[in-house]
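Chemist: The file below is work-v2.cif, mmCIF, C-alpha atoms (C1' of nucleotides):
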data_query
loop_
_atom_site.label_atom_id
_atom_site.label_comp_id
_atom_site.auth_asym_id
_atom_site.auth_seq_id
_atom_site.Cartn_x
_atom_site.Cartn_y
_atom_site.Cartn_z
CA MET K 1 -22.64 53.36 -25.74
CA LYS K 2 -19.07 54.20 -24.83
CA GLN K 3 -18.84 54.71 -21.08
CA PRO K 4 -16.34 56.95 -19.37
CA ILE K 5 -13.34 55.09 -18.02
CA ALA K 6 -14.27 54.39 -14.46
CA PHE K 7 -12.08 52.61 -11.97
CA ALA K 8 -14.64 51.99 -9.31
CA ARG K 9 -13.06 51.71 -5.91
CA THR K 10 -14.99 49.18 -4.02
CA THR K 11 -17.35 48.99 -1.09
CA PHE K 12 -19.36 52.15 -1.44
CA ALA K 13 -16.45 54.39 -2.30
CA HIS K 14 -17.99 54.92 -5.69
CA ARG K 15 -16.55 57.43 -8.10
CA GLU K 16 -16.93 57.95 -11.80
CA ALA K 17 -14.05 58.45 -14.19
CA ALA K 18 -11.58 58.18 -11.38
CA GLU K 19 -7.91 58.76 -11.85
CA VAL K 20 -5.60 55.83 -11.57
CA LYS K 21 -2.20 55.88 -10.04
CA ASP K 22 0.41 54.51 -12.38
CA GLY K 23 1.56 52.38 -9.51
CA ASP K 24 4.86 53.79 -8.29
CA LEU K 25 6.84 52.15 -11.04
CA THR K 26 10.24 52.53 -9.41
CA GLY K 27 9.55 51.87 -5.76
CA SER K 28 9.09 48.84 -3.63
CA GLU K 29 5.80 48.02 -5.20
CA TRP K 30 7.47 47.04 -8.45
CA ARG K 31 9.53 44.50 -6.51
CA ASP K 32 6.49 43.26 -4.59
CA VAL K 33 4.50 42.62 -7.72
CA LYS K 34 7.46 40.90 -9.30
CA ASN K 35 7.65 38.48 -6.40
CA ARG K 36 3.94 37.98 -6.41
CA LEU K 37 4.05 37.00 -10.05
CA ARG K 38 6.94 34.64 -9.52
CA ARG K 39 5.09 32.99 -6.65
CA ALA K 40 2.12 32.56 -8.97
CA GLY K 41 4.35 30.88 -11.51
CA LEU K 42 4.29 33.76 -13.99
CA ARG K 43 7.39 35.25 -15.54
CA PRO K 44 7.61 38.84 -14.32
CA THR K 45 7.91 40.62 -17.61
CA ILE K 46 7.86 44.38 -17.80
CA GLN K 47 4.30 44.43 -19.05
CA ARG K 48 2.96 42.02 -16.46
CA VAL K 49 4.59 43.86 -13.61
CA ALA K 50 3.36 47.20 -14.91
CA LEU K 51 -0.20 45.92 -15.18
CA GLY K 52 0.17 44.21 -11.81
CA CYS K 53 1.17 47.51 -10.23
CA ILE K 54 -1.92 49.19 -11.61
CA LEU K 55 -4.18 46.35 -10.56
CA PHE K 56 -2.84 45.60 -7.11
CA GLY K 57 -1.40 48.96 -6.21
CA ASP K 58 -4.33 50.68 -4.62
CA GLY K 59 -7.10 48.58 -3.14
CA ASP K 60 -9.69 46.48 -4.82
CA ARG K 61 -10.66 47.25 -8.35
CA HIS K 62 -13.05 46.16 -11.02
CA VAL K 63 -11.59 46.53 -14.46
CA THR K 64 -12.35 45.70 -18.04
CA ALA K 65 -9.58 45.09 -20.53
CA GLU K 66 -10.19 48.47 -22.09
CA MET K 67 -10.03 50.24 -18.75
CA LEU K 68 -6.76 48.59 -17.85
CA TYR K 69 -5.33 49.30 -21.27
CA ASP K 70 -6.21 52.97 -20.96
CA ALA K 71 -4.77 53.19 -17.47
CA ALA K 72 -1.52 51.62 -18.65
CA THR K 73 -1.33 53.86 -21.69
CA ARG K 74 -2.11 56.93 -19.63
CA GLY K 75 0.81 56.04 -17.40
CA LYS K 76 4.23 55.47 -18.89
CA ALA K 77 3.63 51.76 -19.44
CA SER K 78 3.17 50.88 -23.07
CA VAL K 79 1.29 47.62 -23.44
CA SER K 80 -0.65 46.29 -26.37
CA LEU K 81 -4.32 45.52 -25.98
CA ALA K 82 -3.70 41.89 -26.85
CA THR K 83 -1.23 41.65 -24.01
CA VAL K 84 -3.73 43.18 -21.63
CA TYR K 85 -6.20 40.46 -22.55
CA ASN K 86 -3.56 37.77 -22.22
CA THR K 87 -2.40 39.11 -18.90
CA LEU K 88 -5.88 39.38 -17.44
CA HIS K 89 -6.56 35.77 -18.31
CA GLN K 90 -3.21 34.57 -17.03
CA PHE K 91 -3.70 36.44 -13.76
CA THR K 92 -7.15 34.96 -13.47
CA GLU K 93 -5.89 31.45 -14.04
CA ALA K 94 -3.18 32.06 -11.49
CA GLY K 95 -5.78 33.09 -8.94
CA LEU K 96 -4.72 36.72 -8.76
CA LEU K 97 -7.94 37.95 -10.30
CA ARG K 98 -11.49 36.78 -10.55
CA GLU K 99 -13.82 37.16 -13.47
CA VAL K 100 -17.18 38.76 -12.78
CA THR K 101 -20.05 38.24 -15.18
CA VAL K 102 -22.56 41.03 -14.92
CA ASP K 103 -22.70 42.50 -18.37
CA SER K 104 -23.02 40.45 -21.50
CA THR K 105 -21.12 43.00 -23.56
CA ARG K 106 -17.85 43.08 -21.65
CA THR K 107 -15.90 41.14 -19.08
CA TYR K 108 -14.98 42.53 -15.69
CA PHE K 109 -12.08 41.39 -13.56
CA ASP K 110 -12.02 41.83 -9.81
CA THR K 111 -8.78 42.18 -7.87
CA ASN K 112 -10.56 40.99 -4.77
CA ASN K 113 -10.54 37.23 -4.80
CA SER K 114 -12.04 36.70 -1.37
CA VAL K 115 -15.65 35.60 -1.02
CA HIS K 116 -17.97 38.49 -1.70
CA HIS K 117 -20.68 39.64 -4.07
CA HIS K 118 -21.53 42.67 -6.16
CA PHE K 119 -23.80 45.55 -6.78
CA PHE K 120 -24.02 46.50 -10.43
CA ILE K 121 -25.23 49.97 -11.33
CA GLU K 122 -26.78 49.31 -14.69
CA ASP K 123 -26.79 52.78 -16.18
CA GLN K 124 -23.19 53.42 -15.23
CA ASN K 125 -21.65 50.02 -15.79
CA ALA K 126 -20.12 50.31 -12.35
CA LEU K 127 -19.43 47.48 -9.95
CA LEU K 128 -19.33 47.75 -6.17
CA ASP K 129 -18.32 45.08 -3.74
CA ILE K 130 -20.84 43.80 -1.27
CA PRO K 131 -18.94 42.66 1.80
CA ALA K 132 -19.40 38.94 2.35
CA SER K 133 -21.21 39.52 5.61
CA ASP K 134 -23.86 41.75 4.03
CA VAL K 135 -25.44 39.06 1.91
CA VAL K 136 -25.94 35.44 2.83
CA VAL K 137 -27.25 32.70 0.61
CA ASP K 138 -28.97 30.13 2.79
CA PRO K 139 -30.03 27.54 2.03
CA VAL K 140 -27.53 26.86 -0.70
CA PRO K 141 -29.23 25.08 -3.58
CA VAL K 142 -28.55 21.40 -4.09
CA PRO K 143 -26.92 20.76 -7.46
CA PRO K 144 -28.25 18.01 -9.74
CA GLU K 145 -26.76 14.52 -9.51
CA GLY K 146 -23.19 14.34 -10.74
CA TYR K 147 -22.50 18.06 -10.46
CA GLU K 148 -20.89 20.20 -7.82
CA ILE K 149 -21.07 23.91 -7.20
CA VAL K 150 -17.93 25.77 -8.19
CA ARG K 151 -19.03 29.16 -6.94
CA ILE K 152 -22.15 31.08 -6.12
CA GLU K 153 -22.42 34.60 -7.44
CA VAL K 154 -24.91 37.12 -6.23
CA VAL K 155 -25.46 40.28 -8.23
CA ALA K 156 -27.79 42.98 -6.98
CA ARG K 157 -28.68 45.27 -9.87
CA LEU K 158 -29.15 48.87 -8.88
CA ARG K 159 -30.89 51.84 -10.36
CA ARG K 160 -30.85 55.42 -9.21
CA LYS K 161 -33.76 55.88 -6.85
CA LYS K 162 -36.58 57.97 -8.21
CA LEU K 163 -37.43 61.04 -6.18
CA MET P 1 -16.12 27.02 -29.30
CA LYS P 2 -19.40 26.40 -31.04
CA GLN P 3 -21.75 24.56 -28.70
CA PRO P 4 -24.47 22.17 -29.76
CA ILE P 5 -27.89 23.75 -29.88
CA ALA P 6 -29.41 22.91 -26.55
CA PHE P 7 -32.86 23.87 -25.41
CA ALA P 8 -32.50 23.07 -21.77
CA ARG P 9 -35.81 22.28 -20.18
CA THR P 10 -35.74 23.64 -16.73
CA THR P 11 -35.61 22.38 -13.17
CA PHE P 12 -33.36 19.38 -13.44
CA ALA P 13 -34.90 18.02 -16.61
CA HIS P 14 -31.62 18.63 -18.32
CA ARG P 15 -30.99 17.43 -21.84
CA GLU P 16 -28.42 18.32 -24.42
CA ALA P 17 -29.22 19.16 -28.00
CA ALA P 18 -32.88 18.63 -27.35
CA GLU P 19 -35.46 18.77 -30.05
CA VAL P 20 -37.89 21.62 -30.08
CA LYS P 21 -41.51 21.40 -31.01
CA ASP P 22 -42.42 23.85 -33.73
CA GLY P 23 -45.29 24.90 -31.56
CA ASP P 24 -48.47 23.56 -33.14
CA LEU P 25 -48.65 26.34 -35.67
CA THR P 26 -52.28 25.83 -36.63
CA GLY P 27 -53.95 24.98 -33.35
CA SER P 28 -55.24 26.92 -30.43
CA GLU P 29 -51.79 27.83 -29.30
CA TRP P 30 -51.33 30.14 -32.24
CA ARG P 31 -54.41 32.03 -31.12
CA ASP P 32 -53.30 32.07 -27.51
CA VAL P 33 -49.94 33.56 -28.34
CA LYS P 34 -51.58 36.11 -30.57
CA ASN P 35 -53.74 37.29 -27.72
CA ARG P 36 -50.86 37.28 -25.35
CA LEU P 37 -48.89 39.55 -27.66
CA ARG P 38 -51.81 41.88 -28.11
CA ARG P 39 -52.25 42.10 -24.36
CA ALA P 40 -48.57 42.97 -24.11
CA GLY P 41 -49.04 45.76 -26.63
CA LEU P 42 -47.18 44.01 -29.45
CA ARG P 43 -48.53 43.62 -32.98
CA PRO P 44 -48.97 39.88 -33.51
CA THR P 45 -47.03 39.49 -36.70
CA ILE P 46 -46.40 36.08 -38.20
CA GLN P 47 -42.83 36.04 -37.00
CA ARG P 48 -43.60 37.17 -33.48
CA VAL P 49 -46.37 34.62 -33.08
CA ALA P 50 -44.19 31.85 -34.50
CA LEU P 51 -41.35 32.69 -32.13
CA GLY P 52 -43.85 33.05 -29.31
CA CYS P 53 -45.16 29.56 -29.98
CA ILE P 54 -41.68 28.13 -29.76
CA LEU P 55 -40.85 30.06 -26.64
CA PHE P 56 -44.06 29.65 -24.69
CA GLY P 57 -45.30 26.39 -26.13
CA ASP P 58 -43.69 23.86 -23.89
CA GLY P 59 -42.61 24.88 -20.43
CA ASP P 60 -39.80 27.13 -19.34
CA ARG P 61 -36.86 27.59 -21.59
CA HIS P 62 -33.52 29.29 -21.69
CA VAL P 63 -32.61 30.41 -25.15
CA THR P 64 -30.00 32.41 -26.96
CA ALA P 65 -30.82 34.25 -30.17
CA GLU P 66 -28.97 31.63 -32.17
CA MET P 67 -30.85 28.77 -30.53
CA LEU P 68 -34.21 30.38 -31.20
CA TYR P 69 -33.23 31.18 -34.75
CA ASP P 70 -32.25 27.58 -35.39
CA ALA P 71 -35.42 26.27 -33.81
CA ALA P 72 -37.52 28.55 -35.98
CA THR P 73 -35.61 27.65 -39.11
CA ARG P 74 -35.80 23.95 -38.31
CA GLY P 75 -39.57 24.33 -38.10
CA LYS P 76 -41.48 25.86 -40.96
CA ALA P 77 -41.14 29.38 -39.64
CA SER P 78 -38.72 31.47 -41.63
CA VAL P 79 -37.43 34.37 -39.57
CA SER P 80 -34.33 36.42 -40.03
CA LEU P 81 -31.75 36.52 -37.31
CA ALA P 82 -32.18 40.27 -36.96
CA THR P 83 -35.86 39.77 -36.29
CA VAL P 84 -35.06 37.16 -33.68
CA TYR P 85 -32.90 39.69 -31.87
CA ASN P 86 -35.52 42.38 -32.19
CA THR P 87 -38.25 40.07 -31.00
CA LEU P 88 -36.30 38.82 -28.00
CA HIS P 89 -35.71 42.37 -26.88
CA GLN P 90 -39.28 43.43 -27.51
CA PHE P 91 -40.58 40.44 -25.56
CA THR P 92 -38.20 41.26 -22.75
CA GLU P 93 -39.31 44.86 -22.62
CA ALA P 94 -42.91 43.70 -22.61
CA GLY P 95 -42.21 41.47 -19.63
CA LEU P 96 -42.72 38.20 -21.47
CA LEU P 97 -39.06 37.24 -21.14
CA ARG P 98 -36.23 37.94 -18.78
CA GLU P 99 -32.61 38.38 -19.64
CA VAL P 100 -30.13 36.23 -17.76
CA THR P 101 -26.48 37.24 -17.61
CA VAL P 102 -24.25 34.25 -16.98
CA ASP P 103 -21.94 34.16 -19.95
CA SER P 104 -20.10 37.18 -21.24
CA THR P 105 -20.11 35.87 -24.79
CA ARG P 106 -23.82 35.48 -25.37
CA THR P 107 -27.13 36.54 -23.94
CA TYR P 108 -29.68 34.11 -22.55
CA PHE P 109 -33.39 34.74 -22.30
CA ASP P 110 -35.61 32.96 -19.83
CA THR P 111 -39.30 32.33 -20.47
CA ASN P 112 -39.86 32.03 -16.75
CA ASN P 113 -40.31 35.51 -15.37
CA SER P 114 -41.23 34.53 -11.86
CA VAL P 115 -38.70 34.94 -9.05
CA HIS P 116 -36.07 32.24 -9.26
CA HIS P 117 -32.37 31.71 -9.79
CA HIS P 118 -30.06 29.59 -11.95
CA PHE P 119 -27.51 26.88 -12.12
CA PHE P 120 -25.07 27.36 -14.96
CA ILE P 121 -23.13 24.35 -16.20
CA GLU P 122 -20.00 26.02 -17.46
CA ASP P 123 -18.68 23.38 -19.81
CA GLN P 124 -22.04 22.89 -21.49
CA ASN P 125 -23.35 26.43 -21.52
CA ALA P 126 -26.57 25.08 -20.06
CA LEU P 127 -28.90 26.88 -17.69
CA LEU P 128 -31.16 25.21 -15.14
CA ASP P 129 -33.76 26.89 -12.99
CA ILE P 130 -33.35 26.81 -9.26
CA PRO P 131 -36.82 26.96 -7.75
CA ALA P 132 -37.26 30.11 -5.70
CA SER P 133 -37.66 28.11 -2.50
CA ASP P 134 -34.33 26.33 -2.92
CA VAL P 135 -32.19 29.39 -2.50
CA VAL P 136 -32.80 32.31 -0.22
CA VAL P 137 -30.80 35.49 0.00
CA ASP P 138 -31.04 36.81 3.54
CA PRO P 139 -30.07 39.33 4.60
CA VAL P 140 -30.54 41.31 1.41
CA PRO P 141 -27.70 43.80 1.04
CA VAL P 142 -28.44 47.47 1.63
CA PRO P 143 -27.83 49.51 -1.51
CA PRO P 144 -25.77 52.70 -1.32
CA GLU P 145 -27.55 56.02 -0.75
CA GLY P 146 -29.70 57.10 -3.65
CA TYR P 147 -29.93 53.68 -5.25
CA GLU P 148 -32.49 50.93 -5.10
CA ILE P 149 -32.23 47.27 -5.95
CA VAL P 150 -33.90 46.35 -9.21
CA ARG P 151 -33.33 42.63 -8.93
CA ILE P 152 -31.08 40.15 -7.22
CA GLU P 153 -29.62 37.39 -9.32
CA VAL P 154 -28.03 34.29 -7.92
CA VAL P 155 -26.01 32.06 -10.21
CA ALA P 156 -24.54 28.81 -8.96
CA ARG P 157 -21.85 27.69 -11.36
CA LEU P 158 -21.60 23.94 -11.74
CA ARG P 159 -18.96 21.54 -12.87
CA ARG P 160 -19.23 17.83 -13.41
CA LYS P 161 -18.24 16.15 -10.17
CA LYS P 162 -14.90 14.38 -10.25
CA LEU P 163 -15.05 10.69 -9.45
"C1'" DT W 1 20.13 29.72 -26.27
"C1'" DT W 2 15.52 29.02 -26.13
"C1'" DA W 3 10.97 28.61 -24.47
"C1'" DG W 4 7.83 31.66 -23.54
"C1'" DA W 5 5.92 36.65 -24.05
"C1'" DT W 6 4.76 40.62 -26.81
"C1'" DG W 7 2.83 43.46 -30.60
"C1'" DC W 8 0.53 44.12 -34.54
"C1'" DA W 9 -2.97 43.38 -37.67
"C1'" DA W 10 -6.24 40.41 -39.33
"C1'" DA W 11 -9.92 37.22 -38.13
"C1'" DT W 12 -13.90 35.99 -35.25
"C1'" DG W 13 -18.46 35.97 -33.50
"C1'" DG W 14 -22.35 37.81 -31.24
"C1'" DT W 15 -25.15 41.71 -31.79
"C1'" DT W 16 -26.82 46.06 -33.96
"C1'" DT W 17 -28.07 49.15 -37.67
"C1'" DG W 18 -29.63 51.33 -42.14
"C1'" DC W 19 -32.66 51.09 -45.45
"C1'" DA W 20 -35.76 49.27 -48.90
"C1'" DT W 21 -39.74 46.26 -48.88
"C1'" DG W 22 -43.88 44.03 -46.56
"C1'" DC W 23 -47.65 43.43 -43.59
"C1'" DG W 24 -51.12 44.43 -39.71
"C1'" DT W 25 -54.69 47.57 -38.65
"C1'" DA C 1 -53.11 54.07 -46.79
"C1'" DC C 2 -50.22 54.46 -42.72
"C1'" DG C 3 -46.76 53.14 -39.85
"C1'" DC C 4 -44.62 49.72 -37.61
"C1'" DA C 5 -42.11 45.23 -38.68
"C1'" DT C 6 -39.04 42.47 -41.44
"C1'" DG C 7 -34.92 41.02 -44.09
"C1'" DC C 8 -30.65 41.58 -45.78
"C1'" DA C 9 -26.10 42.99 -45.68
"C1'" DA C 10 -22.96 45.91 -43.82
"C1'" DA C 11 -21.29 47.89 -39.61
"C1'" DC C 12 -19.82 47.32 -34.82
"C1'" DC C 13 -17.12 46.08 -31.02
"C1'" DA C 14 -15.10 43.15 -27.58
"C1'" DT C 15 -12.16 39.50 -27.81
"C1'" DT C 16 -9.02 36.05 -30.03
"C1'" DT C 17 -5.48 34.45 -33.10
"C1'" DG C 18 -1.35 33.95 -36.21
"C1'" DC C 19 3.03 35.01 -36.68
"C1'" DA C 20 7.31 37.49 -36.59
"C1'" DT C 21 10.05 39.64 -33.10
"C1'" DC C 22 11.81 40.13 -28.55
"C1'" DT C 23 13.24 38.89 -23.79
"C1'" DA C 24 13.71 36.61 -19.24
"C1'" DA C 25 16.15 32.80 -17.51
#
Translate the structure of the given file into structure tokens.
Modeler:
Amino acid sequence: MKQPIAFARTTFAHREAAEVKDGDLTGSEWRDVKNRLRRAGLRPTIQRVALGCILFGDGDRHVTAEMLYDAATRGKASVSLATVYNTLHQFTEAGLLREVTVDSTRTYFDTNNSVHHHFFIEDQNALLDIPASDVVVDPVPVPPEGYEIVRIEVVARLRRKKL
Amino acid sequence: MKQPIAFARTTFAHREAAEVKDGDLTGSEWRDVKNRLRRAGLRPTIQRVALGCILFGDGDRHVTAEMLYDAATRGKASVSLATVYNTLHQFTEAGLLREVTVDSTRTYFDTNNSVHHHFFIEDQNALLDIPASDVVVDPVPVPPEGYEIVRIEVVARLRRKKL
DNA sequence: TTAGATGCAAATGGTTTGCATGCGT
DNA sequence: ACGCATGCAAACCATTTGCATCTAA
């Protein structure tokens, strides 16, 4: 049931078991992430900045804790799994990430926090962004009395087409 | 983090910690469920029929394994938790149930297998049906080459409105 | 200096599995 | 009788937690 580590680049640029840049740990990106964290009210510790570089360094990503942990370990950054979990949740609370619920066995985090939806390829556990303009929910359902809609999520589950 | 057992009746008839009928274990319903299982290619064992009575006996329901297990135990039906899990999956495979992914910590099963979507009340872990006509996805996103859409799920996450 | 962050290992909790026993056909 | 189904307990695995240590400010 173990899936290959896959950092799916988004919006149709799908690739399995992709390599992940370690995030240019010495360059300007390190400084950028540091500032970004400070702006978000998070102390820019070594671990957070390292994870931030991986997450925000190269386009939109969909990661699980395990995937991020492996990517960090593969690079020079040594981070404990517990810290990866903490960091993912802190980033999410700070609005830097967004949680995506598509699989009841693990939690995905999306570095793209703009309005959009997802394809989920079930037999690969891979997520792809659907650009906001490609799917429209209209009408929007009316919530029951006393409740308001926080967010609407659309997930289109995919399977490989049969020949 | 333990939530009260809640069998949410669907479509705005929301209630917390609702009671569950044991399903009229001696009446005609027992026979009906038995036939239904047979038609679905499942051996109508005592446990499967008992769980079927609970699930299909009184309108649409959204259940987790734990909820169904408690309901069965509360009634006269004694079923092991493992069997509940097995049964839920077998029913799902047979098309009698549908899995709903809204919460990464547990799996919900929906007795309504017609086309519709869901509200999810985050702080109560409660699911409500959205009638198919109340939410329309249009346009439907175009899947990447070689893939086809299995199903589109819309989840509107709710929070209690602030005064 | 000190509040907050990290790492480790142990605990948690939903779900699955292995295997001996039971039941539907 | 045969083979699938059940029950139990142990195994699993993603995630969380407790606590001692470390570090950014």
Chemist: Would you pick out the contacts of DG18 in chain W at 12 Å or less, using all atoms listed in the file, so that residues sharing its chain but fewer than 4 positions from it are not included, and give the list as a count of residues only?
Modeler: 5
Chemist: Translate the PyMOL selection byres ((chain W) within 9 of (chain P)), as applied to the file shown, into an explicit residue set as a PyMOL selection string.
Modeler: chain W and resi 13-16+23-24
Chemist: Go through chain K residue by residue and, counting all atoms listed in the file, keep those with an atom at most 9 Å from chain P; for each kept residue give the shortest atom pair and its distance in Å to one decimal, ordered by chain and increasing number, as JSON lines.
Modeler:
{"residue": "K:Phe12", "atom": "CA", "partner": "P:Pro144", "partner_atom": "CA", "distance": 6.4}
{"residue": "K:Thr101", "atom": "CA", "partner": "P:Val102", "partner_atom": "CA", "distance": 6.1}
{"residue": "K:Val102", "atom": "CA", "partner": "P:Thr101", "partner_atom": "CA", "distance": 6.1}
{"residue": "K:Asp103", "atom": "CA", "partner": "P:Thr101", "partner_atom": "CA", "distance": 6.5}
{"residue": "K:Ser104", "atom": "CA", "partner": "P:Ser104", "partner_atom": "CA", "distance": 4.4}
{"residue": "K:Thr105", "atom": "CA", "partner": "P:Ser104", "partner_atom": "CA", "distance": 6.3}
{"residue": "K:Arg106", "atom": "CA", "partner": "P:Ser104", "partner_atom": "CA", "distance": 6.3}
{"residue": "K:Thr107", "atom": "CA", "partner": "P:Ser104", "partner_atom": "CA", "distance": 6.2}
{"residue": "K:Phe119", "atom": "CA", "partner": "P:Pro143", "partner_atom": "CA", "distance": 7.7}
{"residue": "K:Ile121", "atom": "CA", "partner": "P:Tyr147", "partner_atom": "CA", "distance": 8.5}
{"residue": "K:Ile130", "atom": "CA", "partner": "P:Pro141", "partner_atom": "CA", "distance": 7.2}
{"residue": "K:Pro131", "atom": "CA", "partner": "P:Pro141", "partner_atom": "CA", "distance": 8.9}
{"residue": "K:Ser133", "atom": "CA", "partner": "P:Pro139", "partner_atom": "CA", "distance": 8.9}
{"residue": "K:Asp134", "atom": "CA", "partner": "P:Pro141", "partner_atom": "CA", "distance": 5.3}
{"residue": "K:Val135", "atom": "CA", "partner": "P:Pro141", "partner_atom": "CA", "distance": 5.3}
{"residue": "K:Val136", "atom": "CA", "partner": "P:Asp138", "partner_atom": "CA", "distance": 5.3}
{"residue": "K:Val137", "atom": "CA", "partner": "P:Val137", "partner_atom": "CA", "distance": 4.6}
{"residue": "K:Asp138", "atom": "CA", "partner": "P:Val136", "partner_atom": "CA", "distance": 5.3}
{"residue": "K:Pro139", "atom": "CA", "partner": "P:Val135", "partner_atom": "CA", "distance": 5.3}
{"residue": "K:Val140", "atom": "CA", "partner": "P:Val135", "partner_atom": "CA", "distance": 5.6}
{"residue": "K:Pro141", "atom": "CA", "partner": "P:Asp134", "partner_atom": "CA", "distance": 5.3}
{"residue": "K:Val142", "atom": "CA", "partner": "P:Asp134", "partner_atom": "CA", "distance": 7.7}
{"residue": "K:Pro143", "atom": "CA", "partner": "P:Leu158", "partner_atom": "CA", "distance": 7.5}
{"residue": "K:Pro144", "atom": "CA", "partner": "P:Phe12", "partner_atom": "CA", "distance": 6.5}
{"residue": "K:Glu145", "atom": "CA", "partner": "P:Lys161", "partner_atom": "CA", "distance": 8.7}
{"residue": "K:Gly146", "atom": "CA", "partner": "P:Lys161", "partner_atom": "CA", "distance": 5.3}
{"residue": "K:Tyr147", "atom": "CA", "partner": "P:Arg160", "partner_atom": "CA", "distance": 4.4}
{"residue": "K:Glu148", "atom": "CA", "partner": "P:Lys161", "partner_atom": "CA", "distance": 5.4}
{"residue": "K:Ile149", "atom": "CA", "partner": "P:Leu158", "partner_atom": "CA", "distance": 4.6}
{"residue": "K:Val150", "atom": "CA", "partner": "P:Arg157", "partner_atom": "CA", "distance": 5.4}
{"residue": "K:Arg151", "atom": "CA", "partner": "P:Arg157", "partner_atom": "CA", "distance": 5.4}
{"residue": "K:Ile152", "atom": "CA", "partner": "P:Ala156", "partner_atom": "CA", "distance": 4.4}
{"residue": "K:Glu153", "atom": "CA", "partner": "P:Val155", "partner_atom": "CA", "distance": 5.2}
{"residue": "K:Val154", "atom": "CA", "partner": "P:Val154", "partner_atom": "CA", "distance": 4.5}
{"residue": "K:Val155", "atom": "CA", "partner": "P:Glu153", "partner_atom": "CA", "distance": 5.2}
{"residue": "K:Ala156", "atom": "CA", "partner": "P:Ile152", "partner_atom": "CA", "distance": 4.3}
{"residue": "K:Arg157", "atom": "CA", "partner": "P:Val150", "partner_atom": "CA", "distance": 5.4}
{"residue": "K:Leu158", "atom": "CA", "partner": "P:Ile149", "partner_atom": "CA", "distance": 4.5}
{"residue": "K:Arg159", "atom": "CA", "partner": "P:Tyr147", "partner_atom": "CA", "distance": 5.5}
{"residue": "K:Arg160", "atom": "CA", "partner": "P:Tyr147", "partner_atom": "CA", "distance": 4.4}
{"residue": "K:Lys161", "atom": "CA", "partner": "P:Tyr147", "partner_atom": "CA", "distance": 4.7}
{"residue": "K:Lys162", "atom": "CA", "partner": "P:Gly146", "partner_atom": "CA", "distance": 8.3}
Chemist: So, counting only C-alpha atoms (C1' of nucleotides), which residue among K:Thr73, K:Thr92, K:Thr83, K:Ser28 is closest to chain C?
Modeler: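 Comparing K:Thr73, K:Thr92, K:Thr83, K:Ser28 against chain C, the winner is K:Thr83.
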Chemist: Calculate how many Å separate C1' of DA11 in chain W from C1' of DT16 in chain C, rounding to one decimal.
Modeler: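 Value for the C1' of DA11 in chain W-C1' of DT16 in chain C distance: 8.2 Å.
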Chemist: Between CA of Trp30 in chain K and CA of Cys53 in chain K, measure the distance and give it in Å to one decimal.
Modeler: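 Between CA of Trp30 in chain K and CA of Cys53 in chain K the gap is 6.6 Å.
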Chemist: Could you write out as a list in words the residues of chain C within 10 Å of chain P, counting only C-alpha atoms (C1' of nucleotides)?
Modeler: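 Result: DC4, DA5, DT6, DG7, DC8, DA14 and DT15 of chain C.
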Chemist: Would you put the residues from that selection into a file with C-alpha atoms (C1' of nucleotides), as a PDB file, keeping the file's coordinate frame?
Modeler:
ATOM      1  C1'  DC C   4     -44.620  49.720 -37.610  1.00  0.00           C
ATOM      2  C1'  DA C   5     -42.110  45.230 -38.680  1.00  0.00           C
ATOM      3  C1'  DT C   6     -39.040  42.470 -41.440  1.00  0.00           C
ATOM      4  C1'  DG C   7     -34.920  41.020 -44.090  1.00  0.00           C
ATOM      5  C1'  DC C   8     -30.650  41.580 -45.780  1.00  0.00           C
ATOM      6  C1'  DA C  14     -15.100  43.150 -27.580  1.00  0.00           C
ATOM      7  C1'  DT C  15     -12.160  39.500 -27.810  1.00  0.00           C
TER       8       DT C  15
END
Chemist: Report, in Å with one decimal, the straight-line distance from C1' of DC8 in chain W to CA of Leu37 in chain K.
Modeler: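 If I compute the distance from C1' of DC8 in chain W to CA of Leu37 in chain K, I get 25.7 Å.
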Chemist: Determine the axis-aligned bounding box of all atoms of range 11-25 of chain C present in the file, pad each side by 4 Å, and express its centre and edge lengths in Å to one decimal place as JSON.
Modeler:
{"center_x": -2.6, "center_y": 40.3, "center_z": -28.6, "size_x": 45.4, "size_y": 23.1, "size_z": 30.1}
Chemist: Here's the selection I'm unsure about, the PyMOL selection byres ((chain C and resi 25) around 10); applied to the file above, which residues does it give, as a PyMOL selection string?
Modeler: (chain K and resi 43) or (chain W and resi 2-3) or (chain C and resi 23-24)
